[in-house]
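S.K.: One file is attached below, run.pdb, containing PDB, C-alpha atoms.
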ATOM      1  CA  MET A 756      53.579 214.061 197.826
ATOM      2  CA  ALA A 757      55.253 217.394 197.018
ATOM      3  CA  ASP A 758      58.563 215.732 197.918
ATOM      4  CA  PHE A 759      57.972 213.167 195.196
ATOM      5  CA  TRP A 760      57.466 215.806 192.477
ATOM      6  CA  TYR A 761      60.661 217.673 193.380
ATOM      7  CA  LEU A 762      62.576 214.400 193.386
ATOM      8  CA  ALA A 763      61.043 213.280 190.074
ATOM      9  CA  LEU A 764      61.767 216.667 188.486
ATOM     10  CA  ALA A 765      65.411 216.659 189.604
ATOM     11  CA  TYR A 766      66.092 213.083 188.478
ATOM     12  CA  GLY A 767      64.176 213.748 185.242
ATOM     13  CA  ILE A 768      66.549 216.650 184.529
ATOM     14  CA  ILE A 769      69.569 214.422 185.219
ATOM     15  CA  TRP A 770      68.468 211.598 182.873
ATOM     16  CA  LEU A 771      67.245 213.973 180.198
ATOM     17  CA  GLY A 772      70.558 215.837 180.304
ATOM     18  CA  LEU A 773      72.735 212.730 180.217
ATOM     19  CA  PHE A 774      70.827 210.702 177.628
ATOM     20  CA  GLY A 775      70.065 213.796 175.548
ATOM     21  CA  TYR A 776      73.777 214.583 175.352
ATOM     22  CA  LEU A 777      74.621 210.957 174.530
ATOM     23  CA  PHE A 778      72.015 210.956 171.749
ATOM     24  CA  HIS A 779      73.389 214.257 170.425
ATOM     25  CA  LEU A 780      76.927 212.802 170.377
ATOM     26  CA  SER A 781      75.882 209.645 168.554
ATOM     27  CA  ARG A 782      74.061 211.700 165.891
ATOM     28  CA  ARG A 783      77.110 213.915 165.427
ATOM     29  CA  ALA A 784      79.350 210.839 165.138
ATOM     30  CA  ARG A 785      77.088 209.354 162.467
ATOM     31  CA  ASP A 786      76.939 212.585 160.422
ATOM     32  CA  LEU A 787      80.680 213.114 160.699
ATOM     33  CA  GLY A 788      81.385 209.511 159.626
ATOM     34  CA  GLN A 789      79.210 209.970 156.538
ATOM     35  CA  GLU A 790      80.869 213.262 155.662
ATOM     36  CA  LEU A 791      84.344 211.732 156.117
ATOM     37  CA  ASN A 792      83.489 208.801 153.830
ATOM     38  CA  VAL A 793      82.242 211.086 151.070
ATOM     39  CA  LEU A 794      85.311 213.291 151.369
ATOM     40  CA  ARG A 795      87.626 210.272 151.289
ATOM     41  CA  GLU A 796      85.865 209.192 148.117
ATOM     42  CA  VAL A 797      86.272 212.654 146.592
ATOM     43  CA  LEU A 798      89.981 212.746 147.480
ATOM     44  CA  ALA A 799      90.593 209.217 146.201
ATOM     45  CA  THR A 800      89.140 210.143 142.805
ATOM     46  CA  GLU A 801      92.119 211.452 140.928
ATOM     47  CA  GLY A 802      92.066 212.450 137.174
ATOM     48  CA  ARG A 803      89.341 214.527 135.586
ATOM     49  CA  ASP A 804      88.854 211.994 132.790
ATOM     50  CA  GLU A 805      87.020 209.646 135.116
ATOM     51  CA  PRO A 806      83.285 209.328 134.503
ATOM     52  CA  GLY A 807      81.369 211.940 136.414
ATOM     53  CA  TRP A 808      84.331 214.300 136.837
ATOM     54  CA  GLU A 809      82.692 216.899 134.592
ATOM     55  CA  ASP A 810      80.278 217.294 137.460
ATOM     56  CA  ALA A 811      83.103 218.103 139.888
ATOM     57  CA  PRO A 812      82.933 221.465 141.658
ATOM     58  CA  GLU A 813      84.561 224.626 140.394
ATOM     59  CA  PHE A 814      87.534 225.794 142.432
ATOM     60  CA  ASP A 815      85.645 228.684 143.967
ATOM     61  CA  GLU A 816      82.979 226.379 145.371
ATOM     62  CA  GLU A 817      83.216 225.478 149.061
ATOM     63  CA  PRO A 818      84.211 221.807 149.368
ATOM     64  CA  GLN A 819      82.020 221.547 152.458
ATOM     65  CA  ALA A 820      78.972 222.715 150.504
ATOM     66  CA  VAL A 821      79.759 220.175 147.781
ATOM     67  CA  VAL A 822      80.015 217.362 150.305
ATOM     68  CA  ARG A 823      76.711 218.424 151.855
ATOM     69  CA  GLU A 824      75.035 218.401 148.414
ATOM     70  CA  ARG A 825      76.368 214.918 147.790
ATOM     71  CA  LEU A 826      75.137 213.732 151.160
ATOM     72  CA  ALA A 827      71.735 215.201 150.419
ATOM     73  CA  GLY A 828      71.742 213.336 147.092
ATOM     74  CA  SER A 829      71.329 216.411 144.880
ATOM     75  CA  ARG A 830      74.828 216.001 143.402
ATOM     76  CA  PRO A 831      76.161 212.554 142.441
ATOM     77  CA  ALA A 832      79.640 211.534 143.606
ATOM     78  CA  PRO A 833      82.305 211.314 140.845
ATOM     79  CA  GLY A 834      81.859 208.024 139.004
ATOM     80  CA  GLU A 835      78.238 207.633 140.039
ATOM     81  CA  ALA A 836      76.692 209.674 137.235
TER      82      ALA A 836
ATOM     83  CA  MET B1118      84.898 202.913 169.544
ATOM     84  CA  GLY B1119      86.480 199.704 170.751
ATOM     85  CA  ARG B1120      85.715 197.024 173.293
ATOM     86  CA  GLY B1121      87.403 198.939 176.091
ATOM     87  CA  HIS B1122      85.090 201.890 175.580
ATOM     88  CA  ARG B1123      82.027 199.647 175.573
ATOM     89  CA  ALA B1124      83.241 197.995 178.795
ATOM     90  CA  LEU B1125      83.653 201.462 180.295
ATOM     91  CA  GLY B1126      80.062 202.283 179.363
ATOM     92  CA  VAL B1127      78.754 199.067 180.916
ATOM     93  CA  ALA B1128      80.803 199.690 184.080
ATOM     94  CA  GLY B1129      79.483 203.269 184.272
ATOM     95  CA  LEU B1130      75.881 202.122 183.870
ATOM     96  CA  THR B1131      76.350 199.397 186.503
ATOM     97  CA  LEU B1132      77.793 201.890 188.972
ATOM     98  CA  ILE B1133      74.945 204.335 188.265
ATOM     99  CA  LEU B1134      72.425 201.563 189.051
ATOM    100  CA  ALA B1135      74.324 200.674 192.230
ATOM    101  CA  ALA B1136      74.384 204.361 193.210
ATOM    102  CA  LEU B1137      70.622 204.620 192.581
ATOM    103  CA  VAL B1138      70.014 201.642 194.887
ATOM    104  CA  ALA B1139      72.242 203.216 197.533
ATOM    105  CA  VAL B1140      70.520 206.607 197.179
ATOM    106  CA  PHE B1141      66.932 205.334 197.271
ATOM    107  CA  VAL B1142      67.225 202.193 199.421
ATOM    108  CA  GLN B1143      70.305 202.319 201.632
ATOM    109  CA  ALA B1144      70.685 206.028 202.468
ATOM    110  CA  PRO B1145      68.605 207.248 205.421
ATOM    111  CA  THR B1146      65.905 209.897 204.962
ATOM    112  CA  GLU B1147      67.096 213.281 206.135
ATOM    113  CA  ARG B1148      65.093 214.652 209.100
ATOM    114  CA  HIS B1149      64.415 218.218 207.883
ATOM    115  CA  LEU B1150      64.326 217.975 204.089
ATOM    116  CA  GLY B1151      62.816 214.505 203.810
ATOM    117  CA  ASP B1152      63.158 212.556 200.535
ATOM    118  CA  VAL B1153      64.048 215.681 198.521
ATOM    119  CA  GLN B1154      67.476 215.524 200.158
ATOM    120  CA  ARG B1155      68.136 212.500 197.885
ATOM    121  CA  ILE B1156      68.695 215.004 195.055
ATOM    122  CA  PHE B1157      71.893 215.945 196.869
ATOM    123  CA  TYR B1158      73.851 212.779 195.900
ATOM    124  CA  PHE B1159      73.607 213.190 192.117
ATOM    125  CA  HIS B1160      73.627 217.004 192.326
ATOM    126  CA  VAL B1161      77.029 216.996 194.046
ATOM    127  CA  ALA B1162      78.286 214.268 191.681
ATOM    128  CA  CYS B1163      77.360 216.484 188.706
ATOM    129  CA  ALA B1164      79.146 219.486 190.236
ATOM    130  CA  TRP B1165      82.230 217.332 190.944
ATOM    131  CA  THR B1166      82.235 216.045 187.335
ATOM    132  CA  ALA B1167      81.956 219.622 186.052
ATOM    133  CA  PHE B1168      85.008 220.645 188.127
ATOM    134  CA  LEU B1169      86.913 217.625 186.805
ATOM    135  CA  SER B1170      85.968 218.607 183.238
ATOM    136  CA  PHE B1171      87.136 222.189 183.649
ATOM    137  CA  PHE B1172      90.378 221.013 185.233
ATOM    138  CA  LEU B1173      90.988 218.942 182.091
ATOM    139  CA  VAL B1174      90.193 221.980 179.922
ATOM    140  CA  PHE B1175      92.914 223.789 181.880
ATOM    141  CA  VAL B1176      95.405 220.907 181.457
ATOM    142  CA  GLY B1177      94.584 220.430 177.756
ATOM    143  CA  SER B1178      94.846 224.172 177.094
ATOM    144  CA  LEU B1179      98.215 224.491 178.837
ATOM    145  CA  ALA B1180      99.525 221.418 177.007
ATOM    146  CA  TYR B1181      98.315 222.822 173.662
ATOM    147  CA  LEU B1182     100.054 226.148 174.273
ATOM    148  CA  ARG B1183     103.281 224.267 175.044
ATOM    149  CA  THR B1184     103.208 221.627 172.301
ATOM    150  CA  ARG B1185     100.783 222.984 169.627
ATOM    151  CA  LYS B1186      99.454 219.452 169.186
ATOM    152  CA  ALA B1187      95.834 219.305 167.974
ATOM    153  CA  ALA B1188      95.120 216.315 170.248
ATOM    154  CA  TRP B1189      95.358 218.571 173.328
ATOM    155  CA  ASP B1190      92.946 221.043 171.783
ATOM    156  CA  ALA B1191      90.549 218.164 171.102
ATOM    157  CA  LEU B1192      90.765 217.118 174.755
ATOM    158  CA  ALA B1193      90.158 220.681 175.962
ATOM    159  CA  VAL B1194      87.085 221.351 173.827
ATOM    160  CA  SER B1195      85.616 217.921 174.621
ATOM    161  CA  ALA B1196      86.047 218.430 178.362
ATOM    162  CA  ALA B1197      84.572 221.953 178.107
ATOM    163  CA  GLU B1198      81.439 220.716 176.361
ATOM    164  CA  ILE B1199      80.914 217.914 178.891
ATOM    165  CA  GLY B1200      81.602 220.367 181.721
ATOM    166  CA  VAL B1201      78.877 222.687 180.433
ATOM    167  CA  VAL B1202      76.396 219.769 180.324
ATOM    168  CA  PHE B1203      77.175 218.757 183.930
ATOM    169  CA  THR B1204      77.167 222.361 185.193
ATOM    170  CA  SER B1205      73.737 222.855 183.580
ATOM    171  CA  ILE B1206      72.426 219.739 185.325
ATOM    172  CA  ALA B1207      73.967 220.827 188.651
ATOM    173  CA  LEU B1208      72.414 224.312 188.361
ATOM    174  CA  LEU B1209      68.976 222.968 187.456
ATOM    175  CA  THR B1210      68.869 220.225 190.101
ATOM    176  CA  GLY B1211      70.183 222.694 192.672
ATOM    177  CA  SER B1212      67.366 225.029 191.720
ATOM    178  CA  VAL B1213      64.779 222.286 192.340
ATOM    179  CA  TRP B1214      66.324 221.583 195.728
ATOM    180  CA  ALA B1215      66.412 225.323 196.544
ATOM    181  CA  LYS B1216      62.701 225.631 195.813
ATOM    182  CA  HIS B1217      61.983 222.979 198.431
ATOM    183  CA  ALA B1218      64.613 224.025 200.988
ATOM    184  CA  TRP B1219      64.604 227.833 200.652
ATOM    185  CA  GLY B1220      61.212 228.400 199.028
ATOM    186  CA  THR B1221      62.747 230.005 195.921
ATOM    187  CA  TRP B1222      64.095 228.643 192.630
ATOM    188  CA  TRP B1223      67.075 231.000 192.649
ATOM    189  CA  GLU B1224      68.999 233.036 195.185
ATOM    190  CA  TRP B1225      71.813 235.439 194.295
ATOM    191  CA  GLU B1226      74.141 234.004 196.912
ATOM    192  CA  PRO B1227      77.900 233.367 196.391
ATOM    193  CA  ARG B1228      77.887 229.639 195.469
ATOM    194  CA  LEU B1229      75.023 229.915 192.983
ATOM    195  CA  THR B1230      76.259 233.165 191.458
ATOM    196  CA  THR B1231      79.848 231.964 190.942
ATOM    197  CA  THR B1232      78.561 228.673 189.496
ATOM    198  CA  LEU B1233      76.369 230.553 187.032
ATOM    199  CA  LEU B1234      79.426 232.636 186.130
ATOM    200  CA  LEU B1235      81.400 229.410 185.589
ATOM    201  CA  TRP B1236      78.690 228.131 183.245
ATOM    202  CA  LEU B1237      78.721 231.421 181.307
ATOM    203  CA  ILE B1238      82.548 231.333 180.999
ATOM    204  CA  TYR B1239      82.550 227.906 179.357
ATOM    205  CA  VAL B1240      79.519 228.651 177.170
ATOM    206  CA  ALA B1241      81.506 231.697 175.971
ATOM    207  CA  TYR B1242      84.505 229.396 175.393
ATOM    208  CA  LEU B1243      82.413 227.178 173.098
ATOM    209  CA  MET B1244      80.916 230.220 171.333
ATOM    210  CA  LEU B1245      84.377 231.674 170.789
ATOM    211  CA  ARG B1246      85.447 228.446 169.113
ATOM    212  CA  SER B1247      82.527 228.429 166.740
ATOM    213  CA  ALA B1248      83.285 232.044 165.765
ATOM    214  CA  ILE B1249      86.887 231.421 164.575
ATOM    215  CA  PRO B1250      87.148 229.468 161.311
ATOM    216  CA  GLU B1251      90.935 229.004 161.215
ATOM    217  CA  ALA B1252      91.919 225.891 163.194
ATOM    218  CA  SER B1253      95.253 226.965 164.694
ATOM    219  CA  LYS B1254      94.008 230.435 165.627
ATOM    220  CA  ARG B1255      90.863 228.908 167.165
ATOM    221  CA  ALA B1256      92.927 226.453 169.214
ATOM    222  CA  THR B1257      95.330 229.138 170.474
ATOM    223  CA  PHE B1258      92.621 231.646 171.451
ATOM    224  CA  SER B1259      90.506 229.044 173.187
ATOM    225  CA  ALA B1260      93.548 227.599 174.993
ATOM    226  CA  VAL B1261      94.257 231.028 176.497
ATOM    227  CA  PHE B1262      90.557 231.317 177.411
ATOM    228  CA  GLY B1263      90.628 227.790 178.897
ATOM    229  CA  VAL B1264      93.572 228.656 181.160
ATOM    230  CA  VAL B1265      92.154 232.003 182.335
ATOM    231  CA  GLY B1266      88.600 230.662 182.725
ATOM    232  CA  PHE B1267      89.744 227.998 185.179
ATOM    233  CA  VAL B1268      90.378 230.739 187.771
ATOM    234  CA  ASP B1269      86.649 230.645 188.602
ATOM    235  CA  VAL B1270      86.723 226.946 189.657
ATOM    236  CA  PRO B1271      88.544 227.446 193.001
ATOM    237  CA  ILE B1272      86.434 230.576 193.560
ATOM    238  CA  VAL B1273      83.245 228.480 193.228
ATOM    239  CA  PHE B1274      84.641 225.895 195.645
ATOM    240  CA  MET B1275      85.798 228.423 198.231
ATOM    241  CA  SER B1276      82.845 230.833 197.870
ATOM    242  CA  ILE B1277      80.936 229.343 200.808
ATOM    243  CA  ARG B1278      83.965 229.869 203.077
ATOM    244  CA  TRP B1279      84.964 233.310 201.833
ATOM    245  CA  TRP B1280      81.495 234.899 201.840
ATOM    246  CA  ARG B1281      78.283 234.503 203.819
ATOM    247  CA  SER B1282      76.340 231.790 202.058
ATOM    248  CA  ILE B1283      73.142 229.852 202.687
ATOM    249  CA  HIS B1284      74.363 226.987 200.492
ATOM    250  CA  PRO B1285      75.151 223.867 202.559
ATOM    251  CA  ALA B1286      78.822 222.833 202.755
ATOM    252  CA  VAL B1287      79.680 219.136 202.530
ATOM    253  CA  VAL B1288      83.448 219.534 202.711
ATOM    254  CA  THR B1289      84.344 221.917 205.534
ATOM    255  CA  GLY B1290      87.622 222.889 207.160
ATOM    256  CA  LYS B1291      86.983 220.151 209.765
ATOM    257  CA  GLY B1292      86.249 217.387 207.241
ATOM    258  CA  MET B1293      82.985 215.996 205.873
ATOM    259  CA  ASP B1294      79.753 217.430 207.250
ATOM    260  CA  LEU B1295      77.655 214.381 206.360
ATOM    261  CA  ASP B1296      76.016 211.514 208.241
ATOM    262  CA  VAL B1297      78.250 208.422 207.992
ATOM    263  CA  ALA B1298      75.244 206.357 206.852
ATOM    264  CA  MET B1299      75.103 208.571 203.757
ATOM    265  CA  TYR B1300      78.719 207.893 202.760
ATOM    266  CA  PRO B1301      78.083 204.811 200.539
ATOM    267  CA  ALA B1302      75.456 206.615 198.420
ATOM    268  CA  PHE B1303      77.606 209.741 198.262
ATOM    269  CA  PHE B1304      80.854 208.050 197.197
ATOM    270  CA  LEU B1305      79.135 205.595 194.856
ATOM    271  CA  SER B1306      77.480 208.537 193.093
ATOM    272  CA  LEU B1307      80.832 210.307 192.751
ATOM    273  CA  ALA B1308      82.481 207.149 191.357
ATOM    274  CA  ALA B1309      79.584 206.478 188.949
ATOM    275  CA  PHE B1310      79.577 210.000 187.536
ATOM    276  CA  SER B1311      83.373 210.019 187.226
ATOM    277  CA  LEU B1312      83.188 206.833 185.157
ATOM    278  CA  VAL B1313      80.369 208.215 183.003
ATOM    279  CA  PHE B1314      82.514 211.323 182.520
ATOM    280  CA  VAL B1315      85.488 209.249 181.287
ATOM    281  CA  TYR B1316      83.153 207.364 178.921
ATOM    282  CA  LEU B1317      81.743 210.605 177.478
ATOM    283  CA  LEU B1318      85.186 212.198 177.258
ATOM    284  CA  VAL B1319      86.634 209.302 175.230
ATOM    285  CA  LEU B1320      83.622 209.427 172.886
ATOM    286  CA  ARG B1321      83.670 213.217 172.478
ATOM    287  CA  THR B1322      87.458 213.406 172.011
ATOM    288  CA  ALA B1323      87.334 210.742 169.274
ATOM    289  CA  LEU B1324      84.608 212.785 167.597
ATOM    290  CA  GLU B1325      86.707 215.939 167.779
ATOM    291  CA  ARG B1326      89.735 214.145 166.332
ATOM    292  CA  SER B1327      87.563 212.979 163.402
ATOM    293  CA  HIS B1328      86.367 216.554 162.971
ATOM    294  CA  GLN B1329      89.972 217.782 162.875
ATOM    295  CA  GLN B1330      90.776 215.072 160.310
ATOM    296  CA  LEU B1331      87.807 216.192 158.221
ATOM    297  CA  GLU B1332      88.962 219.814 158.279
ATOM    298  CA  GLU B1333      92.440 218.718 157.197
ATOM    299  CA  MET B1334      91.004 216.656 154.336
ATOM    300  CA  LYS B1335      88.863 219.572 153.202
ATOM    301  CA  GLY B1336      92.027 221.667 153.074
ATOM    302  CA  GLN B1337      93.702 218.971 150.956
ATOM    303  CA  ALA B1338      90.685 218.782 148.637
ATOM    304  CA  THR B1339      90.740 222.562 148.139
ATOM    305  CA  PHE B1340      94.485 222.462 147.450
ATOM    306  CA  LYS B1341      94.094 219.594 144.973
ATOM    307  CA  LEU B1342      91.292 221.328 143.095
ATOM    308  CA  GLY B1343      93.338 224.552 143.038
ATOM    309  CA  GLU B1344      96.361 222.744 141.620
ATOM    310  CA  GLU B1345      94.305 221.093 138.903
ATOM    311  CA  VAL B1346      92.674 224.374 137.892
ATOM    312  CA  SER B1347      96.070 226.113 137.667
ATOM    313  CA  HIS B1348      97.570 223.244 135.591
ATOM    314  CA  GLY B1349      94.594 222.673 133.384
TER     315      GLY B1349
END
Please express the file's structure as structure tokens.

M.R.:
Amino acid sequence: MADFWYLALAYGIIWLGLFGYLFHLSRRARDLGQELNVLREVLATEGRDEPGWEDAPEFDEEPQAVVRERLAGSRPAPGEA
Amino acid sequence: MGRGHRALGVAGLTLILAALVAVFVQAPTERHLGDVQRIFYFHVACAWTAFLSFFLVFVGSLAYLRTRKAAWDALAVSAAEIGVVFTSIALLTGSVWAKHAWGTWWEWEPRLTTTLLLWLIYVAYLMLRSAIPEASKRATFSAVFGVVGFVDVPIVFMSIRWWRSIHPAVVTGKGMDLDVAMYPAFFLSLAAFSLVFVYLLVLRTALERSHQQLEEMKGQATFKLGEEVSHG
């Protein structure tokens, strides 16, 4: 019976490690895809006279922080306001 | 990810299932260790995959230092991360086996100690990367680390021959020290984990390339905003 527990523990570690890592990768891929889409949108928006541009970040703001705010929904993307 | 990658995943999963059948149904029960010996097949496969990963870190790092192409850096960091995952699994499963075979979870003997050192080297590699914000500097420093760190891989492999070790040796100077009836389970496990490794590597490298693209775009966005502020 003790044999069974050692075996179950070892194979549990293997599956937990493999599927845990796979799950972690898929979450990272999803987050990165979202961030890339928002950034593409920001870069595609050219002139400041477009609606919502007045809400654009100041130069000294970190673009990454701005993207995160947009993803969180606390700052609307240019043109959405 | 395309169709090819999905097919690779399906093939990897199929081989894993086949290996599981071979390990639990076909392979004979070892006389002294009993069923716990069945940990051995996937434990060795994990260690093999970790070595393969760190070899690719070495290749990717050398290629980056020669060409300065970001794709090589992406390959190196992806392989390092996967290598750390497989080394962790190999260390933990080995510890479970040690508890049954030696009566202790850990023994400071050459194979275990050098493997722990290997794990620490590549964890340090990943930590180093996260500590350097500038992309080209990060890639160069970690490439040098990736080349130097690989030195420990042959040491881990040879440790049981160079020093007195209680760790069992599968590959000896005279060939394989394994019952022939265990070969199918052993080689199927190696093939299955190698395929799973390729699947994970393709996925992780694509992720890293997207991350590099994102960093580049952030740089462009900063430049664009800077230009507009200076003109306006």

S.K.: Evaluated on this file, the PyMOL selection byres ((chain B) within 10 of (chain A)) picks out some residues - which ones are they, written as number ranges by chain?

M.R.: B: 1150-1157, 1159-1160, 1163, 1198-1199, 1202-1203, 1205-1207, 1209-1214, 1216-1217, 1313, 1317, 1320-1321, 1323-1325, 1327-1328, 1330-1332, 1334-1347, 1349

S.K.: Just so the selection is clear, what residues does the PyMOL selection byres ((chain B and resi 1263) around 12) cover here, as a VMD selection string?

M.R.: chain B and resid 1170 to 1182 1189 to 1190 1192 to 1198 1235 1238 to 1243 1245 to 1246 1255 to 1262 1264 to 1270

S.K.: Could you write out the selected residues, including C-alpha atoms, as a short mmCIF file (atom, residue, chain, number, x, y, z; two decimals), in the coordinates of the input?

M.R.:
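Below is the file that was written, selection_32.cif:
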data_model
loop_
_atom_site.label_atom_id
_atom_site.label_comp_id
_atom_site.auth_asym_id
_atom_site.auth_seq_id
_atom_site.Cartn_x
_atom_site.Cartn_y
_atom_site.Cartn_z
CA SER B 1170 85.97 218.61 183.24
CA PHE B 1171 87.14 222.19 183.65
CA PHE B 1172 90.38 221.01 185.23
CA LEU B 1173 90.99 218.94 182.09
CA VAL B 1174 90.19 221.98 179.92
CA PHE B 1175 92.91 223.79 181.88
CA VAL B 1176 95.40 220.91 181.46
CA GLY B 1177 94.58 220.43 177.76
CA SER B 1178 94.85 224.17 177.09
CA LEU B 1179 98.22 224.49 178.84
CA ALA B 1180 99.52 221.42 177.01
CA TYR B 1181 98.32 222.82 173.66
CA LEU B 1182 100.05 226.15 174.27
CA TRP B 1189 95.36 218.57 173.33
CA ASP B 1190 92.95 221.04 171.78
CA LEU B 1192 90.76 217.12 174.76
CA ALA B 1193 90.16 220.68 175.96
CA VAL B 1194 87.08 221.35 173.83
CA SER B 1195 85.62 217.92 174.62
CA ALA B 1196 86.05 218.43 178.36
CA ALA B 1197 84.57 221.95 178.11
CA GLU B 1198 81.44 220.72 176.36
CA LEU B 1235 81.40 229.41 185.59
CA ILE B 1238 82.55 231.33 181.00
CA TYR B 1239 82.55 227.91 179.36
CA VAL B 1240 79.52 228.65 177.17
CA ALA B 1241 81.51 231.70 175.97
CA TYR B 1242 84.50 229.40 175.39
CA LEU B 1243 82.41 227.18 173.10
CA LEU B 1245 84.38 231.67 170.79
CA ARG B 1246 85.45 228.45 169.11
CA ARG B 1255 90.86 228.91 167.16
CA ALA B 1256 92.93 226.45 169.21
CA THR B 1257 95.33 229.14 170.47
CA PHE B 1258 92.62 231.65 171.45
CA SER B 1259 90.51 229.04 173.19
CA ALA B 1260 93.55 227.60 174.99
CA VAL B 1261 94.26 231.03 176.50
CA PHE B 1262 90.56 231.32 177.41
CA VAL B 1264 93.57 228.66 181.16
CA VAL B 1265 92.15 232.00 182.34
CA GLY B 1266 88.60 230.66 182.72
CA PHE B 1267 89.74 228.00 185.18
CA VAL B 1268 90.38 230.74 187.77
CA ASP B 1269 86.65 230.64 188.60
CA VAL B 1270 86.72 226.95 189.66
#

S.K.: Could you please determine the separation between CA of Tyr1158 in chain B and CA of Val1138 in chain B in Å, to one decimal place?

M.R.: 11.8 Å

S.K.: Calculate how many Å separate CA of Thr1322 in chain B from CA of Phe1304 in chain B, rounding to one decimal.

M.R.: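 Distance reported for this atom pair: 26.6 Å.
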
S.K.: Go ahead and compute the interatomic distance for CA of Thr1231 in chain B and CA of Val1273 in chain B, in Å to one decimal.

M.R.: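 Answer for the CA of Thr1231 in chain B to CA of Val1273 in chain B separation: 5.4 Å.
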